[in-house]
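**Student:** After the structure tokens below, expect a handful of questions from me.
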Amino acid sequence: MPEQKKIVLIMTDSQRWDMVNCYRDTGLKTPYIDKLASEGVKFTSAYTTSPVCGPARSAIFSGLFPHSNGVVTNSVPYYGNVKSVGQRLQDNGFHTAYIGKWHLDGGDYFGMGRCPDGWDAAYWYDMRNYLEELTDDERLLSRQISVSHNIPETFTFGHRCSNRAIDFLQNHSDEDFLLVISYDEPHGPFVCPEPYASMYQDYTFPKSQNVYDTLQDKPIHQHVWAGDAVNYDRDEITHNGLFYQAYFGCNSFVDAEIGRMMDAIDTYAPDTLVIYTSDHGDMLSSHSMGGKGPCAYDEITKVPFIIRKPGFISSGINYDQPVSHIDITPTILAYANIPIPKLLEGKSLLPTCQDTATPVNDVIFMEFGRYEIDHDGFGGFQPMRTAFDGQWKLTVNLLSSDELYDLKNDPDELHNLINDPAVAQTRNDLHDKLLQWINDTRDPFRGYYWEQRPWRQDARPATWDYTKMTRQREHEEYEPRQLDYNTGLAMEEAVREKG
């Protein structure tokens with residue numbers, strides 16, 4: 001009898017990689033995630049596809065970059081022809097359940113409260129469903145920093161999500177399943193019970209050297225984002241006080257909820273493939289900026305990422321080469337023995353999990369479009385495309401100036417080398433890979449302007465036809481093969497010269 005395939009994906013929100021103790025010992029307490037890392041593969045150079053909630057999640061659950069799946073900003077839905085990993089597994093006989101923050105239905109931050117195709121409606125539970133369980137006064141309380149309110153754990157969204165996920169494991173562990181538990185924590189407003197709410201009242205998070213960055217030789221839109229913060233006295237900036245106490249307390253609270261989940265997995269489904277990650281980080285005053293937005297600094301793009309499967313994946317292993325959230329859906333499909341569609345834009349990490357000498361990506365890619373369709377602010381439309389090869393990080397900011405950092409020698413990303421002739425060939429080689437990715441993934445914003453940068457002296461002349469290629473969609477698991485415009489017949493090659 002074939003082995004049952006059981007998969008649990010655990011997500012947090014706004015949890016920086018260095019807020020997890022096994023990645024960097026800062027004094028923050030995350031014992032349960034640390035234990036998970038000791039039992040599996042810890043990816044030390046893992047990156048989101050986009051440093052903002054909805055677009056980041058869109059890639060995780062579709063295997064397509066935000067520009068390919070339509071979620072190029074918060075509060076817009078997938079394109080109608082995009083299939084989630086839940087739909088793909090459900091169509092192959094898996095029981096699929098999603099519990100927690102979704103942020104992909106085109107609604108507001110909390111969601112529509114409606115289960116989308118591909119998931120079991122009996123277990124669906126987004127943030128609107130949570131709020132609808134509360135009185136009006138409780139709703140208001142749920143949107144306030146909790147350090148002075150002494151709320152019980154049973155009040156929190158995270159605890160209620162865990163309860164539903166544990167119920168699923170208790171009742172469905174004898175099936176092939178994909179269970180997603182997507183915590184909103186430690187995203188603001190940092191609602192958490194004691195002892196976590198006061199755990200860090202006397203704590204100061206270590207200050208990175210890039211807190212002293214005043215953005216000299218950095219893109220102008222970053223100056224606009226930073227505003228007056230570039231003039232602050234850097235010695236006066238400390239990572240303590242109410243905001244940090246609440247944020248870090250909520251970080252340890254969600255770690256404890258992950259501990260509850262892992263105890264339930266080990267009890268009811270110990271042979272489960274467990275994937276844990278976060279959607280993005282937070283700047284926390286690095287480079288004079290806060291929150292997240294249109295930049296590719298590690299503070300918001302690098303994420304914690306761990307995979308565990310006892311007896312299948314070695315334990316206590318670090319993998320140091322770049323991987324991406326775009327690889328999560330292909331990994332899940334490969335583990336489920338479902339062929340990976342040609343349409344998907346990532347790779348399975350299973351070979352690397354079993355043999356870390358097996359490389360996955362020479363380069364990984366990131367992007368940004370807009371923070372939030374509902375908001376006029378947050379910088380508006382800021383098209384950004386980034387390539388990172390493990391040492392060199394190149395970012396093209398289409399409406400601003402560009403960036404190149406050598407993370408091997410400048411891990412704080414202080415020195416922008418975009419115009420340095422000594423590294424021009426390295427820069428141009430990475431730029432070529434970025435341009436190829438933009439074209440290969442049918443980026444709807446692609447064109448000659450990504451190549452025509454002031455520092456790219458050997459750029460091809462701008463032409464209306466650009467590459468002269470057409471690139472049609474291939475998704476024959478769900479759609480008929482597309483037709484060639486010139487013949488009306490099924491296309492022979494999806495990528496071909498247009499002329």
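To be explicit about the labels: the chains of the structure tokens are called A, B, and onward in the order shown, and within each one the residues are counted from 1, while ligands get numbers from 1 in the order they are shown.
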Among segment 2-58 of chain A, which ones does DSSP place in helix (DSSP H, G or I), written as number ranges by chain?

**Tutor:** A: 17-19, 31-38, 53-58

**Student:** Those same residues, written as an mmCIF file, in the first residue's frame with C-alpha atoms?

**Tutor:**
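The result, stored in selection_18.cif:
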data_model
loop_
_atom_site.group_PDB
_atom_site.id
_atom_site.type_symbol
_atom_site.label_atom_id
_atom_site.label_comp_id
_atom_site.auth_asym_id
_atom_site.auth_seq_id
_atom_site.Cartn_x
_atom_site.Cartn_y
_atom_site.Cartn_z
ATOM 1 C CA TRP A 17 14.455 35.889 9.839
ATOM 2 C CA ASP A 18 16.494 37.251 12.741
ATOM 3 C CA MET A 19 13.504 37.186 15.092
ATOM 4 C CA PRO A 31 12.225 27.430 21.378
ATOM 5 C CA TYR A 32 9.644 25.558 19.313
ATOM 6 C CA ILE A 33 10.774 26.858 15.937
ATOM 7 C CA ASP A 34 14.365 26.232 17.056
ATOM 8 C CA LYS A 35 13.433 22.623 17.816
ATOM 9 C CA LEU A 36 11.811 22.285 14.395
ATOM 10 C CA ALA A 37 15.048 23.499 12.779
ATOM 11 C CA SER A 38 17.050 20.909 14.712
ATOM 12 C CA CYS A 53 1.624 40.387 2.418
ATOM 13 C CA GLY A 54 -0.738 39.614 -0.473
ATOM 14 C CA PRO A 55 1.806 39.344 -3.291
ATOM 15 C CA ALA A 56 4.117 37.237 -1.080
ATOM 16 C CA ARG A 57 1.294 34.829 -0.250
ATOM 17 C CA SER A 58 0.103 34.691 -3.840
#

**Student:** Mind listing the strand (DSSP E or B) residues of segment 143-351 of chain A, per DSSP on the backbone, as a PDB file with C-alpha atoms, in the first residue's frame?

**Tutor:**
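Output below, filename states34.pdb:
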ATOM      1  CA  PHE A 177      -3.993  15.831   3.202  1.00  0.00           C
ATOM      2  CA  LEU A 178      -2.610  19.327   2.904  1.00  0.00           C
ATOM      3  CA  LEU A 179      -3.261  21.475   5.976  1.00  0.00           C
ATOM      4  CA  VAL A 180      -2.265  25.142   5.957  1.00  0.00           C
ATOM      5  CA  ILE A 181      -2.247  27.109   9.191  1.00  0.00           C
ATOM      6  CA  SER A 182      -1.571  30.768   8.510  1.00  0.00           C
ATOM      7  CA  PHE A 205      16.796  44.263  20.226  1.00  0.00           C
ATOM      8  CA  HIS A 239      14.669  48.882  19.610  1.00  0.00           C
ATOM      9  CA  LEU A 273       6.048  16.766   5.839  1.00  0.00           C
ATOM     10  CA  VAL A 274       6.156  20.080   7.718  1.00  0.00           C
ATOM     11  CA  ILE A 275       7.036  23.357   5.998  1.00  0.00           C
ATOM     12  CA  TYR A 276       7.405  26.526   8.054  1.00  0.00           C
ATOM     13  CA  THR A 277       8.063  30.068   6.856  1.00  0.00           C
ATOM     14  CA  SER A 278       6.970  33.708   7.142  1.00  0.00           C
ATOM     15  CA  LYS A 302      14.913  37.344   3.813  1.00  0.00           C
ATOM     16  CA  VAL A 303      12.657  34.902   5.658  1.00  0.00           C
ATOM     17  CA  PHE A 305      12.248  28.692   6.188  1.00  0.00           C
ATOM     18  CA  ILE A 306      12.434  25.121   7.535  1.00  0.00           C
ATOM     19  CA  ILE A 307      11.318  21.737   6.169  1.00  0.00           C
ATOM     20  CA  ARG A 308      11.007  18.606   8.332  1.00  0.00           C
ATOM     21  CA  ILE A 317      21.055  20.532   8.408  1.00  0.00           C
ATOM     22  CA  ASN A 318      21.690  24.046   7.116  1.00  0.00           C
ATOM     23  CA  TYR A 319      21.358  24.877   3.420  1.00  0.00           C
ATOM     24  CA  VAL A 323      15.901  29.464  -2.238  1.00  0.00           C
ATOM     25  CA  SER A 324      12.588  31.205  -2.738  1.00  0.00           C
TER      26      SER A 324
END

**Student:** Grab the atom CA of Asp255 of chain A to atom CA of Cys353 of chain A distance for me, in Å with one decimal place.

**Tutor:**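 If I compute the distance from atom CA of Asp255 of chain A to atom CA of Cys353 of chain A, I get 23.2 Å.
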
**Student:** Quick one: everything within 12 Å of Asp432 of chain A, counting only C-alpha atoms, minus sequence neighbours fewer than 3 positions away in the same chain. Send it as a ChimeraX atom specification.

**Tutor:** /A:363,386-387,394,396,425-429,435-439,450-452,456,458-460

**Student:** Those selected residues, please, written with N, CA and C atoms and delivered as a PDB file, in the first residue's frame.

**Tutor:**
ATOM      1  N   VAL A 363      20.163  31.687  -9.152  1.00  0.00           N
ATOM      2  CA  VAL A 363      19.693  33.038  -8.878  1.00  0.00           C
ATOM      3  C   VAL A 363      18.237  32.936  -8.437  1.00  0.00           C
ATOM      4  N   THR A 386      14.275  42.339  -8.782  1.00  0.00           N
ATOM      5  CA  THR A 386      15.542  42.060  -8.102  1.00  0.00           C
ATOM      6  C   THR A 386      16.040  40.670  -8.451  1.00  0.00           C
ATOM      7  N   ALA A 387      17.340  40.537  -8.619  1.00  0.00           N
ATOM      8  CA  ALA A 387      18.008  39.242  -8.780  1.00  0.00           C
ATOM      9  C   ALA A 387      19.086  39.118  -7.712  1.00  0.00           C
ATOM     10  N   LEU A 394      21.095  42.614  -7.193  1.00  0.00           N
ATOM     11  CA  LEU A 394      20.831  43.708  -8.126  1.00  0.00           C
ATOM     12  C   LEU A 394      19.350  44.045  -8.094  1.00  0.00           C
ATOM     13  N   VAL A 396      16.556  46.674  -9.852  1.00  0.00           N
ATOM     14  CA  VAL A 396      16.189  47.709 -10.816  1.00  0.00           C
ATOM     15  C   VAL A 396      14.882  48.334 -10.345  1.00  0.00           C
ATOM     16  N   GLN A 425      31.043  44.005 -14.929  1.00  0.00           N
ATOM     17  CA  GLN A 425      30.739  42.750 -15.607  1.00  0.00           C
ATOM     18  C   GLN A 425      29.841  41.866 -14.746  1.00  0.00           C
ATOM     19  N   THR A 426      30.128  41.799 -13.447  1.00  0.00           N
ATOM     20  CA  THR A 426      29.277  41.050 -12.530  1.00  0.00           C
ATOM     21  C   THR A 426      27.863  41.615 -12.543  1.00  0.00           C
ATOM     22  N   ARG A 427      27.757  42.928 -12.467  1.00  0.00           N
ATOM     23  CA  ARG A 427      26.447  43.603 -12.508  1.00  0.00           C
ATOM     24  C   ARG A 427      25.710  43.284 -13.800  1.00  0.00           C
ATOM     25  N   ASN A 428      26.386  43.387 -14.922  1.00  0.00           N
ATOM     26  CA  ASN A 428      25.728  43.178 -16.210  1.00  0.00           C
ATOM     27  C   ASN A 428      25.303  41.725 -16.404  1.00  0.00           C
ATOM     28  N   ASP A 429      26.116  40.794 -15.935  1.00  0.00           N
ATOM     29  CA  ASP A 429      25.742  39.376 -16.037  1.00  0.00           C
ATOM     30  C   ASP A 429      24.467  39.092 -15.233  1.00  0.00           C
ATOM     31  N   LEU A 435      16.758  40.172 -16.787  1.00  0.00           N
ATOM     32  CA  LEU A 435      15.985  40.434 -18.005  1.00  0.00           C
ATOM     33  C   LEU A 435      15.409  39.147 -18.580  1.00  0.00           C
ATOM     34  N   GLN A 436      16.193  38.080 -18.558  1.00  0.00           N
ATOM     35  CA  GLN A 436      15.711  36.797 -19.072  1.00  0.00           C
ATOM     36  C   GLN A 436      14.536  36.291 -18.242  1.00  0.00           C
ATOM     37  N   TRP A 437      14.639  36.436 -16.926  1.00  0.00           N
ATOM     38  CA  TRP A 437      13.532  36.026 -16.042  1.00  0.00           C
ATOM     39  C   TRP A 437      12.279  36.845 -16.316  1.00  0.00           C
ATOM     40  N   ILE A 438      12.432  38.143 -16.469  1.00  0.00           N
ATOM     41  CA  ILE A 438      11.289  39.006 -16.767  1.00  0.00           C
ATOM     42  C   ILE A 438      10.585  38.520 -18.028  1.00  0.00           C
ATOM     43  N   ASN A 439      11.358  38.167 -19.036  1.00  0.00           N
ATOM     44  CA  ASN A 439      10.765  37.700 -20.289  1.00  0.00           C
ATOM     45  C   ASN A 439      10.207  36.284 -20.159  1.00  0.00           C
ATOM     46  N   TRP A 450      13.443  48.075 -18.941  1.00  0.00           N
ATOM     47  CA  TRP A 450      14.182  47.376 -17.889  1.00  0.00           C
ATOM     48  C   TRP A 450      15.655  47.195 -18.276  1.00  0.00           C
ATOM     49  N   GLU A 451      15.921  47.181 -19.567  1.00  0.00           N
ATOM     50  CA  GLU A 451      17.295  47.048 -20.060  1.00  0.00           C
ATOM     51  C   GLU A 451      17.974  48.402 -20.198  1.00  0.00           C
ATOM     52  N   GLN A 452      17.232  49.427 -20.561  1.00  0.00           N
ATOM     53  CA  GLN A 452      17.787  50.757 -20.809  1.00  0.00           C
ATOM     54  C   GLN A 452      18.007  51.503 -19.489  1.00  0.00           C
ATOM     55  N   ARG A 456      23.980  50.840 -17.931  1.00  0.00           N
ATOM     56  CA  ARG A 456      24.141  49.709 -18.855  1.00  0.00           C
ATOM     57  C   ARG A 456      24.553  50.231 -20.223  1.00  0.00           C
ATOM     58  N   ASP A 458      26.118  48.880 -22.659  1.00  0.00           N
ATOM     59  CA  ASP A 458      25.993  48.017 -23.830  1.00  0.00           C
ATOM     60  C   ASP A 458      24.554  47.562 -24.068  1.00  0.00           C
ATOM     61  N   ALA A 459      23.593  48.276 -23.505  1.00  0.00           N
ATOM     62  CA  ALA A 459      22.187  47.912 -23.711  1.00  0.00           C
ATOM     63  C   ALA A 459      21.823  48.025 -25.184  1.00  0.00           C
ATOM     64  N   ARG A 460      20.968  47.119 -25.614  1.00  0.00           N
ATOM     65  CA  ARG A 460      20.486  47.192 -26.987  1.00  0.00           C
ATOM     66  C   ARG A 460      19.657  48.463 -27.176  1.00  0.00           C
TER      67      ARG A 460
END

**Student:** Which polymer residues have any atom within 6 Å of an atom of Phe368 of chain A, counting only C-alpha atoms, with same-chain residues fewer than 2 positions away left out, as a list in words?

**Tutor:**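 These residues fall inside the cut-off: Ser50, Pro294, Pro383 and Met384 of chain A.
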
**Student:** Since we have the selection now, will you write its residues out, keeping N, CA and C atoms, as a PDB file, in the first residue's frame?

**Tutor:**
ATOM      1  N   SER A  50       8.062  38.800  -2.807  1.00  0.00           N
ATOM      2  CA  SER A  50       7.677  40.211  -2.756  1.00  0.00           C
ATOM      3  C   SER A  50       7.489  40.600  -1.297  1.00  0.00           C
ATOM      4  N   PRO A 294       8.789  48.999  -1.165  1.00  0.00           N
ATOM      5  CA  PRO A 294       9.552  48.786  -2.391  1.00  0.00           C
ATOM      6  C   PRO A 294      11.061  48.867  -2.216  1.00  0.00           C
ATOM      7  N   PRO A 383       7.462  50.086  -9.322  1.00  0.00           N
ATOM      8  CA  PRO A 383       7.882  48.819  -9.946  1.00  0.00           C
ATOM      9  C   PRO A 383       9.354  48.507  -9.687  1.00  0.00           C
ATOM     10  N   MET A 384       9.586  47.324  -9.134  1.00  0.00           N
ATOM     11  CA  MET A 384      10.932  46.885  -8.732  1.00  0.00           C
ATOM     12  C   MET A 384      11.113  45.433  -9.147  1.00  0.00           C
TER      13      MET A 384
END

**Student:** Residues within 12 Å of Glu367 of chain A, please, as a ChimeraX atom specification. Count only C-alpha atoms; anything in the same chain fewer than 3 positions from it doesn't count.

**Tutor:** /A:47-52,55-56,59,65-68,71-73,293-297,301,326,364,370-371,382-388,394-398,434,437-438,443,445
